[in-house]
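Enquirer: Take this structure first; my questions come after.
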Amino acid sequence: MNYDRLKDKLEILADAAKYDVSCSSSGGNRKNSNKGLGDSSASGICHTYTEDGRCVSLLKILLTNFCIYDCAYCVTRKSNDIERAAFTVEEVVDLTINFYRRNYIEGLFLSSGIFKNADYTMERLVRVAKKLRLEHNFNGYIHLKSIPGASDDLMREAGLYADRLSMNLEIPTESGLKLLAPDKNHQDMINPMRFVKNELIQYKEEKKKFKSTPKFAPAGQSTQVIVGATQENDFQIIHVANHFYTNFNMKRVYYSGYVPISNDTRLPAIGTQVPLIRENRLYQADWLMRFYCFKANEILEKDNPFLDLDVDPKMGWALRNITQFPVIIQNAPLEMILRVPGIGVKSAHKIVHARRFQNLTMEHLKKIGVAVNRARYFISVSNENTHLKFLNALNLKEIILTDMKSKFEKPFDNQLSLLNDATFLR
């Protein structure tokens, strides 16, 4: 084996895979019960940090960066003058096993450019997963990127060996996709998603009857949309995500701020700032739909179609619906407590439990984990809350931002100003 050439391939194809953010996952439950390699249920797989602070990793590569398509937004487009490379199936399998044995990784994320046709490419992705499972008894996490236009038979086989399948929608609207990738259409992407959804339902039902029914993509399916490459607004993007959550049982929708890589006049110019804050706000809006019982129509309206970059979407909703506040913590329903800025899902449930035994004060909420620097403008507690005097102030947003700025930026001004922009939604 030519190890220098293999190293060169790895550098090229790992770098090309970095634009796909839909590889962070959890929820795999493939147990190692036969002295094999790995155990996806032991840790879940993610390319970043878990809630308890552990960093788990996976081999994230393309099978090849050759591609028959010329999507303007893609670094691997056929017209781009870049160095091309391709792994063999055996090379990917050997890399995965060797990296796992050296404790470098806990799983594999495998995508690919499309060479020859969809089925030719998808068949090779499936062969990688199949060899890992059957020949090497590998029980670690495997995430396969589905290829648009692949046959149902290949998609079914992929689901039997992968923990998660994903199909990137890429551009949120059909018109935007046609502008930048005229050879593609959303239907070729949606058909495999629908097939996987139906297979997940079918295998789940069969599992109830027959314990021997094999697992089918136990960590579900996900998709990714590119933000900022075309003119879609946040209202459109949020409704696209809601459509897939509602109709395709999607596990996750990922949002990727467009990184300018082309001088194409249809795209933002090279040097244009990547819309990272907008990307973060979309993730927060996504969280509201998935965990906070918000409807897509509540987060944004047609006549105000972009998320506020200054405040998170829950705060934005609260400022637009000030008549819903203050929320009386001692007796308000859970659904309304969840809508208070600064109160997360876990904290809301703790509040509902704790108030059965005592009248809650601001100090109690702080101990529970509430971000009181935001919540105190919108809640009524058993002791006096002097911040409620600002509730109907015309400049309430500025008051809150000044308060948050003074909290986050005093100790380490330059660094923590970034943290303030990217603060997690609660």
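Letters A, B, ... go to the chains of the structure tokens in the order shown; residues in each chain start at 1; ligands are counted from 1 in the same order.
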Quick check for you: according to DSSP on this backbone, which residues of region 8-211 of chain A are classed as alpha helix (DSSP H)? Reply as a ChimeraX atom specification.

Expert: /A:8-16,40-43,89-101,118-130,152-161,174-180,186-209

Enquirer: Counting only C-alpha atoms, what is within 8 Å of Pro341 (chain A), bar same-chain residues fewer than 3 positions away, as a list in words?

Expert: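 Result of the neighbour search: Lys314, Met315, Ala318, Arg374, Ala375, Phe378 and Arg426 of chain A.
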
Enquirer: Which is closest to Glu301 (chain A) among A:Phe357, A:Phe325, A:Phe244, A:Phe235, if we use only C-alpha atoms?

Expert: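 Once distances to Glu301 (chain A) are computed over only C-alpha atoms, the minimum belongs to A:Phe235.
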
Enquirer: At a cut-off of 8 Å, using only C-alpha atoms, what residues contact region 118-133 of chain A? Leave out same-chain residues fewer than 6 positions from it and give the result as a list in words.

Expert: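 Using only C-alpha atoms, the neighbours found are Leu63, Val89, Glu90, Val92, Val93, Leu110, Ser111, Ser112, Asn139, Ile142, Leu144, Ser146, Ile147, Pro148, Gly149, Ala150, Ser151, Leu154, Glu157, Ala158, Tyr161 and Ala162 of chain A.
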
Enquirer: Could you tell me how far CA of Ala285 (chain A) lies from CA of Asn385 (chain A), in Å and to one decimal?

Expert: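 Computing the Euclidean distance for CA of Ala285 (chain A) and CA of Asn385 (chain A) yields 28.6 Å.
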
Enquirer: Just want the 9 Å neighbourhood of region 176-187 of chain A, counted on only C-alpha atoms, with same-chain residues fewer than 3 positions away dropped. Output as a PyMOL selection string.

Expert: chain A and resi 69-73+148-149+169-173+190-192+229-232+266-267

Enquirer: Between CA of Cys293 (chain A) and CA of Ile337 (chain A), what distance in Å does the model show, to one decimal?

Expert: 11.2 Å

Enquirer: CA of Phe109 (chain A) and CA of Leu134 (chain A) are how many Å apart?

Expert: 17.9 Å

Enquirer: Quick one: residues within 8 Å of Phe306 (chain A), only C-alpha atoms, excluding same-chain residues fewer than 2 positions away - as a list in words?

Expert: Asn233, Asp234, Phe235, Leu300, Asn304 and Asp308 of chain A

Enquirer: Just C-alpha atoms for this one: save the residues we selected as a PDB file, in the first residue's frame.

Expert:
ATOM      1  CA  ASN A 233     -35.388  34.751   4.075  1.00  0.00           C
ATOM      2  CA  ASP A 234     -35.530  33.209   7.531  1.00  0.00           C
ATOM      3  CA  PHE A 235     -39.320  32.876   7.385  1.00  0.00           C
ATOM      4  CA  LEU A 300     -41.621  34.984  12.290  1.00  0.00           C
ATOM      5  CA  ASN A 304     -41.061  40.631   9.167  1.00  0.00           C
ATOM      6  CA  ASP A 308     -33.388  39.669  14.955  1.00  0.00           C
TER       7      ASP A 308
END

Enquirer: Considering only C-alpha atoms, state which residue in the set A:Asp81, A:Phe87, A:Gly113, A:Val253 is at the smallest distance from Phe66 (chain A).

Expert: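 Ranking A:Asp81, A:Phe87, A:Gly113, A:Val253 by distance to Phe66 (chain A), first place goes to A:Gly113.
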
Enquirer: Which residues are close to His387 (chain A), i.e. within 9 Å by only C-alpha atoms, leaving aside same-chain residues fewer than 4 positions away? Reply as a PyMOL selection string.

Expert: chain A and resi 376-378+391

Enquirer: If you run DSSP on this backbone, which residues of region 135-362 of chain A come out as strand (DSSP E), and could you give them as a ChimeraX atom specification?

Expert: /A:141-145,164-166,221-227,252-257,327-328

Enquirer: Could you write those residues out with C-alpha atoms, as a PDB file, in the first residue's frame?

Expert:
ATOM      1  CA  TYR A 141     -21.441   4.755  14.768  1.00  0.00           C
ATOM      2  CA  ILE A 142     -21.856   4.993  10.980  1.00  0.00           C
ATOM      3  CA  HIS A 143     -23.504   7.946   9.260  1.00  0.00           C
ATOM      4  CA  LEU A 144     -23.988   7.634   5.496  1.00  0.00           C
ATOM      5  CA  LYS A 145     -24.851  10.529   3.232  1.00  0.00           C
ATOM      6  CA  ARG A 164     -28.098   7.489  10.519  1.00  0.00           C
ATOM      7  CA  LEU A 165     -28.875   8.460   6.941  1.00  0.00           C
ATOM      8  CA  SER A 166     -28.945  12.028   5.723  1.00  0.00           C
ATOM      9  CA  GLN A 221     -32.389  10.792   9.245  1.00  0.00           C
ATOM     10  CA  SER A 222     -31.287  14.406   8.962  1.00  0.00           C
ATOM     11  CA  THR A 223     -30.857  17.100   6.333  1.00  0.00           C
ATOM     12  CA  GLN A 224     -28.960  20.333   5.824  1.00  0.00           C
ATOM     13  CA  VAL A 225     -29.781  23.657   4.177  1.00  0.00           C
ATOM     14  CA  ILE A 226     -27.295  26.313   3.099  1.00  0.00           C
ATOM     15  CA  VAL A 227     -27.998  29.782   4.476  1.00  0.00           C
ATOM     16  CA  ARG A 252     -32.458  17.136  12.758  1.00  0.00           C
ATOM     17  CA  VAL A 253     -32.319  19.966  10.265  1.00  0.00           C
ATOM     18  CA  TYR A 254     -28.872  21.554  10.096  1.00  0.00           C
ATOM     19  CA  TYR A 255     -28.139  25.098   8.946  1.00  0.00           C
ATOM     20  CA  SER A 256     -24.856  25.967   7.273  1.00  0.00           C
ATOM     21  CA  GLY A 257     -23.866  29.579   6.663  1.00  0.00           C
ATOM     22  CA  VAL A 327     -45.881  35.305  33.724  1.00  0.00           C
ATOM     23  CA  ILE A 328     -46.832  34.429  37.287  1.00  0.00           C
TER      24      ILE A 328
END

Enquirer: Calculated over only C-alpha atoms, which of the candidates A:Leu6, A:Leu200, A:Asn103, A:Ile114 has the smallest distance to Lys78 (chain A)?

Expert: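 Ranking A:Leu6, A:Leu200, A:Asn103, A:Ile114 by distance to Lys78 (chain A), first place goes to A:Ile114.
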
Enquirer: Just want the 9 Å neighbourhood of Asn383 (chain A), counted on only C-alpha atoms, with same-chain residues fewer than 3 positions away dropped. Output as a PyMOL selection string.

Expert: chain A and resi 359-362+380

Enquirer: With only C-alpha atoms as the basis for distance, which of A:Ile299, A:Ala17, A:Leu401, A:Leu334 is at the shortest distance from Asn321 (chain A)?

Expert: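 Between A:Ile299, A:Ala17, A:Leu401, A:Leu334, the residue approaching Asn321 (chain A) most closely is A:Ile299.
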